[in-house]
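Participant: Contents of upload05.pdb (PDB, C-alpha atoms and all ligand atoms):
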ATOM      1  CA  MET R   1     179.462  62.621  98.032
ATOM      2  CA  LEU R   2     177.765  65.905  98.753
ATOM      3  CA  SER R   3     174.460  66.852  97.312
ATOM      4  CA  SER R   4     173.034  70.307  97.380
ATOM      5  CA  SER R   5     169.934  71.033  99.299
ATOM      6  CA  SER R   6     167.890  68.139  98.057
ATOM      7  CA  LYS R   7     164.919  69.566  99.899
ATOM      8  CA  SER R   8     165.429  73.088  98.530
ATOM      9  CA  ASP R   9     165.660  74.536 102.000
ATOM     10  CA  TRP R  10     169.185  75.835 101.233
ATOM     11  CA  PRO R  11     171.470  74.072 103.728
ATOM     12  CA  THR R  12     173.683  71.558 101.969
ATOM     13  CA  ASP R  13     172.606  67.980 102.487
ATOM     14  CA  LEU R  14     174.693  64.851 102.289
ATOM     15  CA  PHE R  15     174.179  62.064  99.800
ATOM     16  CA  LEU R  16     176.196  58.881 100.179
ATOM     17  CA  THR R  17     176.794  55.897  97.952
ATOM     18  CA  THR R  18     177.752  53.059 100.259
ATOM     19  CA  ASP R  19     179.953  50.009  99.631
ATOM     20  CA  ASN R  20     177.048  47.717  98.900
ATOM     21  CA  ASN R  21     175.672  50.115  96.299
ATOM     22  CA  GLN R  22     172.985  51.633  98.421
ATOM     23  CA  PHE R  23     172.162  55.282  98.796
ATOM     24  CA  GLU R  24     171.695  57.315 101.954
ATOM     25  CA  THR R  25     170.377  60.857 102.113
ATOM     26  CA  TRP R  26     171.202  62.919 105.184
ATOM     27  CA  ILE R  27     169.304  66.166 105.593
ATOM     28  CA  ASN R  28     171.062  69.115 107.143
ATOM     29  CA  LYS R  29     168.930  70.523 109.925
ATOM     30  CA  GLN R  30     170.773  73.517 111.303
ATOM     31  CA  GLY R  31     174.069  71.704 111.128
ATOM     32  CA  ASN R  32     172.827  68.340 112.358
ATOM     33  CA  PHE R  33     172.443  65.611 109.768
ATOM     34  CA  SER R  34     169.530  63.245 110.084
ATOM     35  CA  ARG R  35     168.783  60.419 107.701
ATOM     36  CA  GLU R  36     165.712  60.926 105.571
ATOM     37  CA  ASP R  37     165.424  58.753 102.506
ATOM     38  CA  ILE R  38     163.663  61.120 100.161
ATOM     39  CA  LEU R  39     165.514  59.573  97.196
ATOM     40  CA  PRO R  40     165.666  55.879  96.206
ATOM     41  CA  THR R  41     167.868  53.894  98.569
ATOM     42  CA  GLU R  42     168.466  50.999  96.169
ATOM     43  CA  VAL R  43     170.169  51.072  92.793
ATOM     44  CA  PRO R  44     167.904  50.304  89.831
ATOM     45  CA  ARG R  45     167.054  46.629  89.424
ATOM     46  CA  LYS R  46     169.363  44.554  87.203
ATOM     47  CA  SER R  47     172.183  47.078  87.600
ATOM     48  CA  VAL R  48     175.584  45.408  87.322
ATOM     49  CA  ILE R  49     177.920  48.405  87.102
ATOM     50  CA  VAL R  50     176.730  51.545  88.851
ATOM     51  CA  GLY R  51     178.269  54.866  87.853
ATOM     52  CA  GLN R  52     178.537  58.090  89.796
ATOM     53  CA  SER R  53     175.439  59.962  90.837
ATOM     54  CA  SER R  54     174.901  63.475  89.518
ATOM     55  CA  PHE R  55     172.469  66.088  90.726
ATOM     56  CA  VAL R  56     171.005  68.401  88.136
ATOM     57  CA  ASP R  57     167.657  69.979  87.332
ATOM     58  CA  ILE R  58     166.818  67.937  84.259
ATOM     59  CA  ASP R  59     163.264  69.239  83.735
ATOM     60  CA  GLY R  60     163.777  72.865  84.683
ATOM     61  CA  ASP R  61     161.367  72.945  87.604
ATOM     62  CA  GLY R  62     164.004  74.422  89.878
ATOM     63  CA  HIS R  63     164.488  71.190  91.849
ATOM     64  CA  GLN R  64     167.533  68.994  91.510
ATOM     65  CA  ASP R  65     167.065  65.496  90.141
ATOM     66  CA  HIS R  66     169.260  62.443  90.696
ATOM     67  CA  LEU R  67     170.907  61.014  87.556
ATOM     68  CA  LEU R  68     172.630  57.663  87.532
ATOM     69  CA  PRO R  69     174.448  55.962  84.620
ATOM     70  CA  VAL R  70     174.262  52.195  84.887
ATOM     71  CA  CYS R  71     175.369  49.119  82.947
ATOM     72  CA  LEU R  72     173.137  46.075  82.930
ATOM     73  CA  ASP R  73     176.053  43.706  82.219
ATOM     74  CA  GLU R  74     179.795  43.564  82.949
ATOM     75  CA  ALA R  75     180.751  44.721  79.454
ATOM     76  CA  CYS R  76     178.251  47.608  79.427
ATOM     77  CA  LEU R  77     176.665  46.323  76.228
ATOM     78  CA  ASN R  78     173.330  47.397  77.668
ATOM     79  CA  SER R  79     173.494  50.816  79.278
ATOM     80  CA  VAL R  80     170.879  53.042  80.840
ATOM     81  CA  ILE R  81     170.830  56.548  82.263
ATOM     82  CA  TYR R  82     168.294  56.591  85.074
ATOM     83  CA  LEU R  83     166.656  59.482  86.826
ATOM     84  CA  ALA R  84     164.938  59.779  90.173
ATOM     85  CA  GLY R  85     162.943  62.883  90.892
ATOM     86  CA  GLN R  86     162.311  64.001  94.426
ATOM     87  CA  ARG R  87     158.581  63.593  94.277
ATOM     88  CA  ASN R  88     158.911  60.150  92.813
ATOM     89  CA  LYS R  89     161.158  57.635  94.544
ATOM     90  CA  GLU R  90     161.065  55.303  91.566
ATOM     91  CA  TRP R  91     163.817  55.162  88.981
ATOM     92  CA  VAL R  92     162.739  56.173  85.514
ATOM     93  CA  THR R  93     164.691  55.542  82.338
ATOM     94  CA  LEU R  94     165.972  58.751  80.816
ATOM     95  CA  LEU R  95     167.947  57.126  78.001
ATOM     96  CA  SER R  96     168.518  53.503  77.087
ATOM     97  CA  ASP R  97     168.762  53.646  73.294
ATOM     98  CA  PHE R  98     172.432  53.862  72.357
ATOM     99  CA  GLN R  99     171.908  52.505  68.862
ATOM    100  CA  GLN R 100     173.387  54.462  65.965
ATOM    101  CA  GLY R 101     171.972  52.811  62.850
ATOM    102  CA  GLU R 102     173.496  49.340  62.802
ATOM    103  CA  THR R 103     176.055  50.216  65.442
ATOM    104  CA  LYS R 104     175.497  49.656  69.109
ATOM    105  CA  TRP R 105     177.277  51.810  71.674
ATOM    106  CA  GLY R 106     177.420  51.528  75.426
ATOM    107  CA  LEU R 107     178.783  53.295  78.469
ATOM    108  CA  VAL R 108     182.359  52.558  79.511
ATOM    109  CA  PRO R 109     182.879  50.726  82.814
ATOM    110  CA  GLY R 110     184.760  52.897  85.261
ATOM    111  CA  ALA R 111     188.466  52.546  85.879
ATOM    112  CA  PRO R 112     190.634  53.910  88.699
ATOM    113  CA  GLY R 113     190.784  57.655  88.191
ATOM    114  CA  LEU R 114     188.183  57.479  85.438
ATOM    115  CA  PRO R 115     184.824  56.715  87.010
ATOM    116  CA  LEU R 116     181.729  56.093  84.955
ATOM    117  CA  ALA R 117     180.141  59.516  85.185
ATOM    118  CA  LEU R 118     178.085  62.031  83.264
ATOM    119  CA  HIS R 119     179.469  65.521  82.912
ATOM    120  CA  LEU R 120     176.708  68.074  82.818
ATOM    121  CA  GLY R 121     176.345  71.577  81.477
ATOM    122  CA  ASP R 122     173.909  73.638  79.417
ATOM    123  CA  TYR R 123     175.817  73.947  76.144
ATOM    124  CA  ASN R 124     172.959  75.651  74.243
ATOM    125  CA  LEU R 125     171.688  77.924  77.019
ATOM    126  CA  ASP R 126     168.096  76.741  76.842
ATOM    127  CA  GLY R 127     167.921  76.304  80.597
ATOM    128  CA  PHE R 128     168.028  72.513  80.424
ATOM    129  CA  PRO R 129     171.311  70.797  81.308
ATOM    130  CA  ASP R 130     172.928  68.635  78.661
ATOM    131  CA  ALA R 131     175.586  65.993  79.200
ATOM    132  CA  LEU R 132     178.862  64.743  77.822
ATOM    133  CA  VAL R 133     179.592  61.063  77.992
ATOM    134  CA  ILE R 134     182.105  58.568  76.662
ATOM    135  CA  LEU R 135     180.592  55.658  74.754
ATOM    136  CA  ARG R 136     182.245  52.501  73.494
ATOM    137  CA  ASN R 137     181.457  50.845  70.181
ATOM    138  CA  SER R 138     180.303  47.323  71.040
ATOM    139  CA  SER R 139     182.012  45.748  68.029
ATOM    140  CA  SER R 140     185.144  47.805  67.294
ATOM    141  CA  ARG R 141     185.647  48.760  70.982
ATOM    142  CA  ALA R 142     186.477  52.316  69.851
ATOM    143  CA  GLN R 143     185.645  55.012  72.400
ATOM    144  CA  ARG R 144     184.246  58.404  71.504
ATOM    145  CA  ALA R 145     182.869  61.405  73.332
ATOM    146  CA  PHE R 146     179.230  62.235  72.647
ATOM    147  CA  LEU R 147     177.016  65.158  73.461
ATOM    148  CA  LEU R 148     173.642  64.271  74.953
ATOM    149  CA  GLU R 149     171.205  67.102  74.364
ATOM    150  CA  ASN R 150     168.374  67.523  76.827
ATOM    151  CA  VAL R 151     165.256  67.692  74.632
ATOM    152  CA  PRO R 152     161.503  67.652  75.283
ATOM    153  CA  CYS R 153     159.729  64.410  74.675
ATOM    154  CA  SER R 154     156.191  63.178  74.684
ATOM    155  CA  GLY R 155     154.503  59.866  74.121
ATOM    156  CA  SER R 156     154.207  56.620  76.003
ATOM    157  CA  SER R 157     157.917  55.759  75.880
ATOM    158  CA  CYS R 158     158.952  59.076  77.418
ATOM    159  CA  PRO R 159     160.015  59.411  81.023
ATOM    160  CA  SER R 160     157.518  61.107  83.282
ATOM    161  CA  VAL R 161     159.656  64.243  83.490
ATOM    162  CA  GLY R 162     158.887  64.936  79.822
ATOM    163  CA  ARG R 163     162.574  65.277  78.923
ATOM    164  CA  THR R 164     165.060  62.899  77.407
ATOM    165  CA  PHE R 165     168.601  62.953  76.051
ATOM    166  CA  ARG R 166     169.173  62.981  72.290
ATOM    167  CA  VAL R 167     172.578  61.654  71.330
ATOM    168  CA  HIS R 168     174.419  63.851  68.811
ATOM    169  CA  TRP R 169     175.775  60.967  66.762
ATOM    170  CA  ASP R 170     177.181  63.100  63.966
ATOM    171  CA  GLN R 171     179.223  65.671  65.801
ATOM    172  CA  SER R 172     182.364  65.537  63.695
ATOM    173  CA  ASP R 173     184.711  67.482  65.985
ATOM    174  CA  MET R 174     184.278  65.119  68.904
ATOM    175  CA  GLY R 175     184.050  62.141  66.570
ATOM    176  CA  SER R 176     187.514  62.881  65.227
ATOM    177  CA  ILE R 177     189.116  62.309  68.631
ATOM    178  CA  PRO R 178     190.052  58.629  68.850
ATOM    179  CA  GLN R 179     190.081  56.723  72.137
ATOM    180  CA  ALA R 180     188.421  59.464  74.153
ATOM    181  CA  ALA R 181     188.569  58.783  77.871
ATOM    182  CA  LEU R 182     186.810  61.734  79.489
ATOM    183  CA  ALA R 183     184.800  64.717  78.266
ATOM    184  CA  THR R 184     183.620  67.695  80.250
ATOM    185  CA  PHE R 185     182.223  71.187  79.759
ATOM    186  CA  TYR R 186     184.435  74.163  80.424
ATOM    187  CA  ASP R 187     183.974  77.813  79.532
ATOM    188  CA  ILE R 188     187.338  78.489  77.919
ATOM    189  CA  TYR R 189     186.968  82.232  77.270
ATOM    190  CA  GLU R 190     184.643  82.899  80.196
ATOM    191  CA  ASP R 191     182.048  84.281  77.794
ATOM    192  CA  GLY R 192     179.164  82.289  79.265
ATOM    193  CA  ILE R 193     179.132  79.745  76.431
ATOM    194  CA  LEU R 194     180.292  76.336  77.598
ATOM    195  CA  ASP R 195     183.065  74.783  75.533
ATOM    196  CA  MET R 196     184.281  71.222  75.804
ATOM    197  CA  LEU R 197     187.444  69.497  76.918
ATOM    198  CA  VAL R 198     188.118  65.923  75.843
ATOM    199  CA  LEU R 199     190.902  63.734  77.166
ATOM    200  CA  SER R 200     192.117  60.940  74.954
ATOM    201  CA  ARG R 201     194.822  58.389  75.274
ATOM    202  CA  ALA R 202     197.216  57.515  72.452
ATOM    203  CA  GLU R 203     197.999  53.862  71.829
ATOM    204  CA  GLY R 204     200.636  52.619  74.251
ATOM    205  CA  LYS R 205     200.962  55.970  76.050
ATOM    206  CA  ALA R 206     200.110  56.522  79.678
ATOM    207  CA  ASP R 207     199.536  60.273  79.507
ATOM    208  CA  PHE R 208     196.362  61.882  78.288
ATOM    209  CA  ILE R 209     196.091  64.250  75.360
ATOM    210  CA  ILE R 210     193.876  67.260  76.102
ATOM    211  CA  HIS R 211     191.650  68.521  73.296
ATOM    212  CA  ALA R 212     189.707  71.782  73.592
ATOM    213  CA  LEU R 213     186.629  72.266  71.425
ATOM    214  CA  LYS R 214     185.209  75.744  71.115
ATOM    215  CA  ASN R 215     181.442  75.917  71.188
ATOM    216  CA  ASN R 216     180.296  78.175  68.347
ATOM    217  CA  PHE R 217     176.774  78.343  69.666
ATOM    218  CA  GLU R 218     175.273  81.813  69.409
ATOM    219  CA  ALA R 219     171.825  82.863  70.444
ATOM    220  CA  ASP R 220     169.972  85.729  71.946
ATOM    221  CA  ALA R 221     170.436  84.432  75.429
ATOM    222  CA  TYR R 222     171.765  85.603  78.722
ATOM    223  CA  PHE R 223     173.827  83.936  81.317
ATOM    224  CA  VAL R 224     174.241  84.393  85.019
ATOM    225  CA  LYS R 225     177.664  83.976  86.463
ATOM    226  CA  VAL R 226     177.779  83.223  90.148
ATOM    227  CA  ILE R 227     180.967  82.988  92.139
ATOM    228  CA  VAL R 228     180.602  81.342  95.503
ATOM    229  CA  LEU R 229     183.142  82.337  98.128
ATOM    230  CA  SER R 230     183.484  79.848 100.880
ATOM    231  CA  GLY R 231     185.033  82.317 103.298
ATOM    232  CA  LEU R 232     186.817  79.390 104.870
ATOM    233  CA  CYS R 233     190.099  80.183 106.466
ATOM    234  CA  SER R 234     192.233  78.389 108.954
ATOM    235  CA  SER R 235     193.290  80.175 112.135
ATOM    236  CA  ASP R 236     196.574  81.336 110.628
ATOM    237  CA  CYS R 237     195.314  83.167 107.543
ATOM    238  CA  PRO R 238     198.142  85.475 106.445
ATOM    239  CA  GLN R 239     197.285  89.154 106.908
ATOM    240  CA  LYS R 240     193.737  88.065 107.617
ATOM    241  CA  VAL R 241     193.169  87.675 103.867
ATOM    242  CA  THR R 242     190.226  85.434 103.245
ATOM    243  CA  PRO R 243     190.966  82.855 100.538
ATOM    244  CA  PHE R 244     189.167  83.405  97.251
ATOM    245  CA  GLY R 245     187.522  80.622  95.317
ATOM    246  CA  VAL R 246     188.165  77.776  97.690
ATOM    247  CA  ASN R 247     186.753  74.606  96.180
ATOM    248  CA  GLN R 248     183.586  74.137  98.133
ATOM    249  CA  PRO R 249     181.100  71.416  97.230
ATOM    250  CA  GLY R 250     177.485  72.050  97.987
ATOM    251  CA  PRO R 251     176.482  75.610  97.066
ATOM    252  CA  TYR R 252     173.109  75.766  95.356
ATOM    253  CA  VAL R 253     171.606  78.562  93.301
ATOM    254  CA  MET R 254     167.973  78.683  92.232
ATOM    255  CA  TYR R 255     166.345  81.473  90.280
ATOM    256  CA  THR R 256     163.200  82.271  88.338
ATOM    257  CA  THR R 257     163.080  84.226  85.098
ATOM    258  CA  VAL R 258     160.389  85.254  82.640
ATOM    259  CA  ASP R 259     160.711  84.144  79.032
ATOM    260  CA  SER R 260     159.728  86.243  76.019
ATOM    261  CA  ASN R 261     156.192  84.821  76.163
ATOM    262  CA  GLY R 262     155.787  85.898  79.755
ATOM    263  CA  ASN R 263     156.051  82.395  81.191
ATOM    264  CA  LEU R 264     157.925  81.846  84.417
ATOM    265  CA  LYS R 265     160.925  79.549  84.132
ATOM    266  CA  ASN R 266     162.742  78.051  87.076
ATOM    267  CA  ALA R 267     166.355  76.987  87.016
ATOM    268  CA  SER R 268     168.829  75.765  89.548
ATOM    269  CA  VAL R 269     172.406  74.647  89.615
ATOM    270  CA  SER R 270     174.489  72.915  92.202
ATOM    271  CA  TRP R 271     178.225  72.886  92.659
ATOM    272  CA  ALA R 272     178.135  69.366  93.987
ATOM    273  CA  ASP R 273     179.469  67.813  90.828
ATOM    274  CA  SER R 274     180.210  70.599  88.409
ATOM    275  CA  VAL R 275     183.874  69.721  88.111
TER     276      VAL R 275
HETATM  277 CA    CA R 301     163.857  68.925  88.399
HETATM  278 CA    CA R 302     170.549  72.578  77.091
HETATM  279 CA    CA R 303     183.253  79.877  76.121
END
Could you write out this structure as structure tokens?
Ligand SMILES: [Ca+2]
Ligand SMILES: [Ca+2]
Ligand SMILES: [Ca+2]
Facilitator:
Amino acid sequence: MLSSSSKSDWPTDLFLTTDNNQFETWINKQGNFSREDILPTEVPRKSVIVGQSSFVDIDGDGHQDHLLPVCLDEACLNSVIYLAGQRNKEWVTLLSDFQQGETKWGLVPGAPGLPLALHLGDYNLDGFPDALVILRNSSSRAQRAFLLENVPCSGSSCPSVGRTFRVHWDQSDMGSIPQAALATFYDIYEDGILDMLVLSRAEGKADFIIHALKNNFEADAYFVKVIVLSGLCSSDCPQKVTPFGVNQPGPYVMYTTVDSNGNLKNASVSWADSV
């Protein structure tokens, strides 16, 4: 897996999850990779099922953080989303409460082609990335897509980054899609507002059903659209036309803006796992 400039020095670094569930970070020094474990090398203690790593700036300080969804048992009855910041090599719990009233939900163990993963995007343009995740009802076994909103938090039970995820339990549009299997953000009309795609599977059918949910969010906000051209071309490029939009993992964009109160606000995004 590729991470983007985990040291914020711009060259793309390499982050690996190895067979025995360990992590290796390889820093790109002018094209040469050297191992430098600036992130935790071990999965969180008591992890039984380890999902895919994501890199995202959860607290808006401009530096990417490492997010990891984990199950503490084979059935994922107890699930946790962990975070490791770069200045702190310890795992901290970002979200472990998946209780909706009397109902307990949990992450869904990965399957071939459907890994346990968070899909990240800033659906409400507040500069803090939110997530989409599939949860399974521990009693009925029903699966639904849920939006996890990145919200500020304070108090002793809060992670040190001062942010947490709030589960939108009552989002009726996503709740009406039975047996959801995968949910991701996608800007359908390219208007800068992220919409959502949900895949579900009908009973007894192998193929997925694709549902598109338009995000009606409106606010006095701006968005920055960045297109990264890889410029990669093999030696036999026809008419010397450089390919456009080649899928290239690793690009990293960081910028600073000023909010309406005059405060500086950092933000960054990586293309390591945006699809
Ligand atoms: Ca951060
Ligand atoms: Ca947000
Ligand atoms: Ca849109």
Participant: Would you list the residues that come within 12 Å of ligand CA 303 (chain R)? Count all atoms listed in the file and give the answer as a PyMOL selection string.
Facilitator: chain R and resi 122-125+185-197+212-218+223
Participant: Pick from R:Asn263, R:Asn150, R:Ser156, R:Asn78: nearest to ligand CA 302 (chain R), with all atoms listed in the file counted?
Facilitator: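 Counting all atoms listed in the file, the residue closest to ligand CA 302 (chain R) is R:Asn150.
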Participant: Using all atoms listed in the file, determine which residues fall within 10 Å of ligand CA 302 (chain R), then list them as an mmCIF file with C-alpha atoms, in the frame of the given file.
Facilitator:
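Saved as pocket.cif:
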data_model
loop_
_atom_site.group_PDB
_atom_site.id
_atom_site.type_symbol
_atom_site.label_atom_id
_atom_site.label_comp_id
_atom_site.auth_asym_id
_atom_site.auth_seq_id
_atom_site.Cartn_x
_atom_site.Cartn_y
_atom_site.Cartn_z
ATOM 1 C CA ILE R 58 166.818 67.937 84.259
ATOM 2 C CA LEU R 120 176.708 68.074 82.818
ATOM 3 C CA GLY R 121 176.345 71.577 81.477
ATOM 4 C CA ASP R 122 173.909 73.638 79.417
ATOM 5 C CA TYR R 123 175.817 73.947 76.144
ATOM 6 C CA ASN R 124 172.959 75.651 74.243
ATOM 7 C CA LEU R 125 171.688 77.924 77.019
ATOM 8 C CA ASP R 126 168.096 76.741 76.842
ATOM 9 C CA GLY R 127 167.921 76.304 80.597
ATOM 10 C CA PHE R 128 168.028 72.513 80.424
ATOM 11 C CA PRO R 129 171.311 70.797 81.308
ATOM 12 C CA ASP R 130 172.928 68.635 78.661
ATOM 13 C CA ALA R 131 175.586 65.993 79.200
ATOM 14 C CA LEU R 148 173.642 64.271 74.953
ATOM 15 C CA GLU R 149 171.205 67.102 74.364
ATOM 16 C CA ASN R 150 168.374 67.523 76.827
ATOM 17 C CA VAL R 151 165.256 67.692 74.632
ATOM 18 C CA PHE R 165 168.601 62.953 76.051
#
Participant: Quick one: axis-aligned box around all listed atoms of region 113-117 of chain R, 6 Å on every side, centre and edge lengths in Å to one decimal, written as JSON.
Facilitator:
{"center_x": 185.5, "center_y": 57.8, "center_z": 86.6, "size_x": 22.6, "size_y": 15.4, "size_z": 15.2}
Participant: Expand the PyMOL selection byres (((chain R and resi 267) around 6) and not hetatm) into the explicit residue set it covers here, and present it as a list in words.
Facilitator: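 Against this file, the PyMOL selection byres (((chain R and resi 267) around 6) and not hetatm) returns the residues Gly60, Gly62, Met254, Tyr255, Asn266 and Ser268 of chain R.
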Participant: Next, the residues of the selection above should be written as a JSON list (two decimals), in the frame of the given file with C-alpha atoms.
Facilitator:
[["chain", "number", "residue", "atom", "x", "y", "z"],
["R", 60, "GLY", "CA", 163.78, 72.86, 84.68],
["R", 62, "GLY", "CA", 164.00, 74.42, 89.88],
["R", 254, "MET", "CA", 167.97, 78.68, 92.23],
["R", 255, "TYR", "CA", 166.34, 81.47, 90.28],
["R", 266, "ASN", "CA", 162.74, 78.05, 87.08],
["R", 268, "SER", "CA", 168.83, 75.76, 89.55]]
Participant: Any idea what the distance is between CA of Gly31 (chain R) and CA of Ile227 (chain R)?
Facilitator: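 Those two atoms sit 23.1 Å apart.
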Participant: Counting all atoms listed in the file, which protein, DNA or RNA residues come within 7 Å of ligand CA 301 (chain R), given as JSON, numbers by chain?
Facilitator: {"R": [57, 58, 59, 60, 61, 62, 63, 64, 65, 85]}
Participant: Return as a ChimeraX atom specification the set of residues that the PyMOL selection byres (((chain R and resi 35-39) around 7) and not hetatm) yields on the displayed structure.
Facilitator: /R:24-27,33-34,40-41,86,89
Participant: Please indicate the distance in Å from CA of Val48 (chain R) to CA of Glu74 (chain R), rounded to one decimal place.
Facilitator: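 CA of Glu74 (chain R) lies 6.3 Å from CA of Val48 (chain R).
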Participant: Please compute the CA of Ser139 (chain R)-CA of Gly101 (chain R) distance, one decimal, in Å.
Facilitator: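 Result for CA of Ser139 (chain R) versus CA of Gly101 (chain R): 13.3 Å, one decimal.
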Participant: Tell me which protein, DNA and RNA residues are within 9 Å of Trp91 (chain R), counting only C-alpha atoms, leaving out same-chain ones fewer than 5 positions away, and put them as a CSV table (one decimal) with C-alpha atoms, keeping the file's coordinate frame.
Facilitator:
chain,number,residue,atom,x,y,z
R,40,PRO,CA,165.7,55.9,96.2
R,43,VAL,CA,170.2,51.1,92.8
R,44,PRO,CA,167.9,50.3,89.8
R,82,TYR,CA,168.3,56.6,85.1
R,83,LEU,CA,166.7,59.5,86.8
R,84,ALA,CA,164.9,59.8,90.2
R,85,GLY,CA,162.9,62.9,90.9
Participant: I'd like to see the residues matched by the PyMOL selection byres (((chain R and resi 109) around 12) and not hetatm) on this file, and ideally I'd get them as a PyMOL selection string.
Facilitator: chain R and resi 48-52+69-79+106-108+110-117+133-136+143+181
